[in-house]
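**Student:** Below you will find the structure I want to go over with you.
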Amino acid sequence: MLPFALQAVSECPAHADLALALGAEFEPVLVDDAHAELDALAGELLALRHADPRAQLLGCAAAVAQRFDAAAEPKRISDRCVLDDLLLHRVLERNSGNVLPLTIAAVEAGRRAGIPLGIVGRGREQYLAHAALADPHVADLACPGELVDLDGREQEVGWQCAHQLAALLLNRIAERTERIGHLTWAVQAAELRLALPVGPQTRERMERDLQRVRARLN
């Protein structure tokens, strides 16, 4: 597996590849096991290859919901399980996790099954979307069932690349680990964010945040 820092500077890494490399920065990742789980999910989507885009999106969301539990933000976090719901390889292993890595898994499984899925959103709000679906309908993996109509909100959300999603994961890891006092991981997450391609203002803010967390660690 290509290291996170090298994938972070590549033009267009796959969502799952970058997410797995991110996880490997925090602990060893059994890459073959993770790919086997993604292949298994992709196998469940093969029957949808010739369906229309709306049916494909609904079917993919249903397959993820059947295989995985979408976990809400945990109220109590211990050092042992602090990253269980955020790191893609752990989510694939446990069949449960935050909506963000679940959506990344869905996109990768769709790619392997020949279904062009992607992720749209803003801030902490992410949805599974279909590149060939003309209507602004998306799937919320936290609430499986009917598609969500984004009509009138198209300007508020946008397609999100692997780099943006890695930044979102690292933001959540940094916030959570700092909150529970696991400052070594908080610093590591803040450092990893600086490997991602961002604008000068964002980089300046990230550097200030890193300095602040390092000061707490010291």
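Following the order of the structure tokens, first chain is A, next is B, and so on, with residues numbered from 1 inside each chain and ligands from 1 in the order they appear.
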Per DSSP on the backbone, what are the helix (DSSP H, G or I) residues of chain A, as a ChimeraX atom specification?
**Tutor:** /A:4-8,15-24,31-48,53-67,88-94,99-113,162-179,183-193,200-217
**Student:** Taking only C-alpha atoms into account, which of A:Arg193, A:His89, A:His137, A:Arg94 comes nearest Leu170 of chain A?
**Tutor:**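 Going through A:Arg193, A:His89, A:His137, A:Arg94 one by one, the smallest distance to Leu170 of chain A is for A:Arg193.
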**Student:** With only C-alpha atoms as the atoms that count, which of A:Gly110, A:Gln7, A:Ala105, A:Val31 lies nearest to Glu44 of chain A?
**Tutor:**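 That would be A:Gly110, the residue with the smallest distance to Glu44 of chain A.
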**Student:** As a PyMOL selection string, please: the residues near Leu20 of chain A (cut-off 9 Å, only C-alpha atoms, same-chain neighbours under 6 positions excluded).
**Tutor:** chain A and resi 1+4+29+31+34+87-89
**Student:** Could you take the residues named above and write them with C-alpha atoms, as a short mmCIF file (atom, residue, chain, number, x, y, z; two decimals), in the first residue's frame?
**Tutor:**
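Output below, filename selection.cif:
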```
data_model
loop_
_atom_site.label_atom_id
_atom_site.label_comp_id
_atom_site.auth_asym_id
_atom_site.auth_seq_id
_atom_site.Cartn_x
_atom_site.Cartn_y
_atom_site.Cartn_z
CA MET A 1 0.00 0.00 0.00
CA PHE A 4 -0.46 8.29 3.03
CA VAL A 29 -3.67 -2.48 8.61
CA VAL A 31 -4.81 -4.63 3.65
CA ALA A 34 -9.89 -4.86 3.96
CA LEU A 87 -10.81 4.19 10.43
CA LEU A 88 -11.99 2.39 7.31
CA HIS A 89 -10.23 -0.91 7.98
#
```
**Student:** Compile the contact shell of Leu141 of chain A as a count of residues only: residues with an atom at most 12 Å away, counting only C-alpha atoms, same-chain residues fewer than 2 positions apart removed.
**Tutor:** 42
**Student:** Could you tell me how far atom CA of Gly114 of chain A lies from atom CA of Asp84 of chain A, in Å and to one decimal?
**Tutor:** 28.9 Å
**Student:** Could you state the separation of atom CA of Ser10 of chain A and atom CA of Gly43 of chain A in Å, given to one decimal place?
**Tutor:**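 Interatomic distance, atom CA of Ser10 of chain A to atom CA of Gly43 of chain A: 28.4 Å.
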**Student:** From segment 56-150 of chain A, collect each residue whose DSSP state is strand (DSSP E or B) and return the set as JSON, numbers by chain.
**Tutor:** {"A": [69, 70, 96, 97, 117, 118, 119, 120, 121, 122, 125, 126, 127, 128, 129, 130, 137, 138, 139, 148, 149]}
**Student:** Keeping C-alpha atoms, export the residues of the selection given above as an mmCIF file, in the first residue's frame.
**Tutor:**
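To be explicit, this is the file written out as again.cif:
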```cif
data_model
loop_
_atom_site.group_PDB
_atom_site.id
_atom_site.type_symbol
_atom_site.label_atom_id
_atom_site.label_comp_id
_atom_site.auth_asym_id
_atom_site.auth_seq_id
_atom_site.Cartn_x
_atom_site.Cartn_y
_atom_site.Cartn_z
ATOM 1 C CA ASP A 69 -24.534 -0.481 11.171
ATOM 2 C CA ALA A 70 -24.251 3.296 10.893
ATOM 3 C CA SER A 96 -20.131 -0.818 11.975
ATOM 4 C CA GLY A 97 -18.913 2.744 11.765
ATOM 5 C CA LEU A 117 -20.835 6.507 -7.182
ATOM 6 C CA GLY A 118 -19.360 9.484 -5.383
ATOM 7 C CA ILE A 119 -19.763 11.607 -2.290
ATOM 8 C CA VAL A 120 -21.340 15.042 -2.051
ATOM 9 C CA GLY A 121 -21.715 17.253 0.959
ATOM 10 C CA ARG A 122 -20.414 20.116 2.999
ATOM 11 C CA GLU A 125 -22.851 16.434 6.098
ATOM 12 C CA GLN A 126 -21.994 13.783 3.500
ATOM 13 C CA TYR A 127 -24.197 11.784 1.140
ATOM 14 C CA LEU A 128 -23.755 8.943 -1.335
ATOM 15 C CA ALA A 129 -24.471 10.155 -4.867
ATOM 16 C CA HIS A 130 -24.598 8.736 -8.391
ATOM 17 C CA HIS A 137 -31.250 12.977 -5.124
ATOM 18 C CA VAL A 138 -28.717 11.348 -2.801
ATOM 19 C CA ALA A 139 -28.619 8.578 -0.208
ATOM 20 C CA VAL A 148 -32.879 12.617 0.021
ATOM 21 C CA ASP A 149 -33.978 15.411 -2.332
#
```
**Student:** If you count only C-alpha atoms, which residues fall within 12 Å of Arg214 of chain A, apart from same-chain ones fewer than 6 positions away, as a list in words?
**Tutor:**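 So the residues in contact are Ala174, Glu178, His182, Leu183, Thr184, Trp185, Ala186, Val187, Gln188, Ala189, Ala190, Glu191, Glu207 and Arg208 of chain A.
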**Student:** Return the single residue from A:Leu46, A:Gln211, A:Asp17, A:Glu93 that is closest to Asp33 of chain A, with distances computed using only C-alpha atoms.
**Tutor:** A:Glu93
**Student:** Residues at most 9 Å from Cys161 of chain A, counting only C-alpha atoms, excluding those fewer than 3 positions away in the same chain, as a list in words?
**Tutor:** Cys12, Pro13, Ala14, His15, Gly118, Ile119, Val120, Gln164, Leu165 and Ala166 of chain A
**Student:** Which residue gives the smallest distance to Gln160 of chain A among A:Pro136, A:Gly123, A:Arg179, A:Ala195, with only C-alpha atoms counted?
**Tutor:** A:Gly123
**Student:** Can you tell me how far atom CA of Leu194 of chain A sits from atom CA of Met206 of chain A, in Å to one decimal?
**Tutor:**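 One can read the atom CA of Leu194 of chain A to atom CA of Met206 of chain A distance as 6.9 Å.
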**Student:** Identify which of the residues A:Ile115, A:Leu217, A:Leu30, A:Leu92 lies closest to Thr177 of chain A, counting only C-alpha atoms when measuring atom-to-atom distances.
**Tutor:** A:Leu217
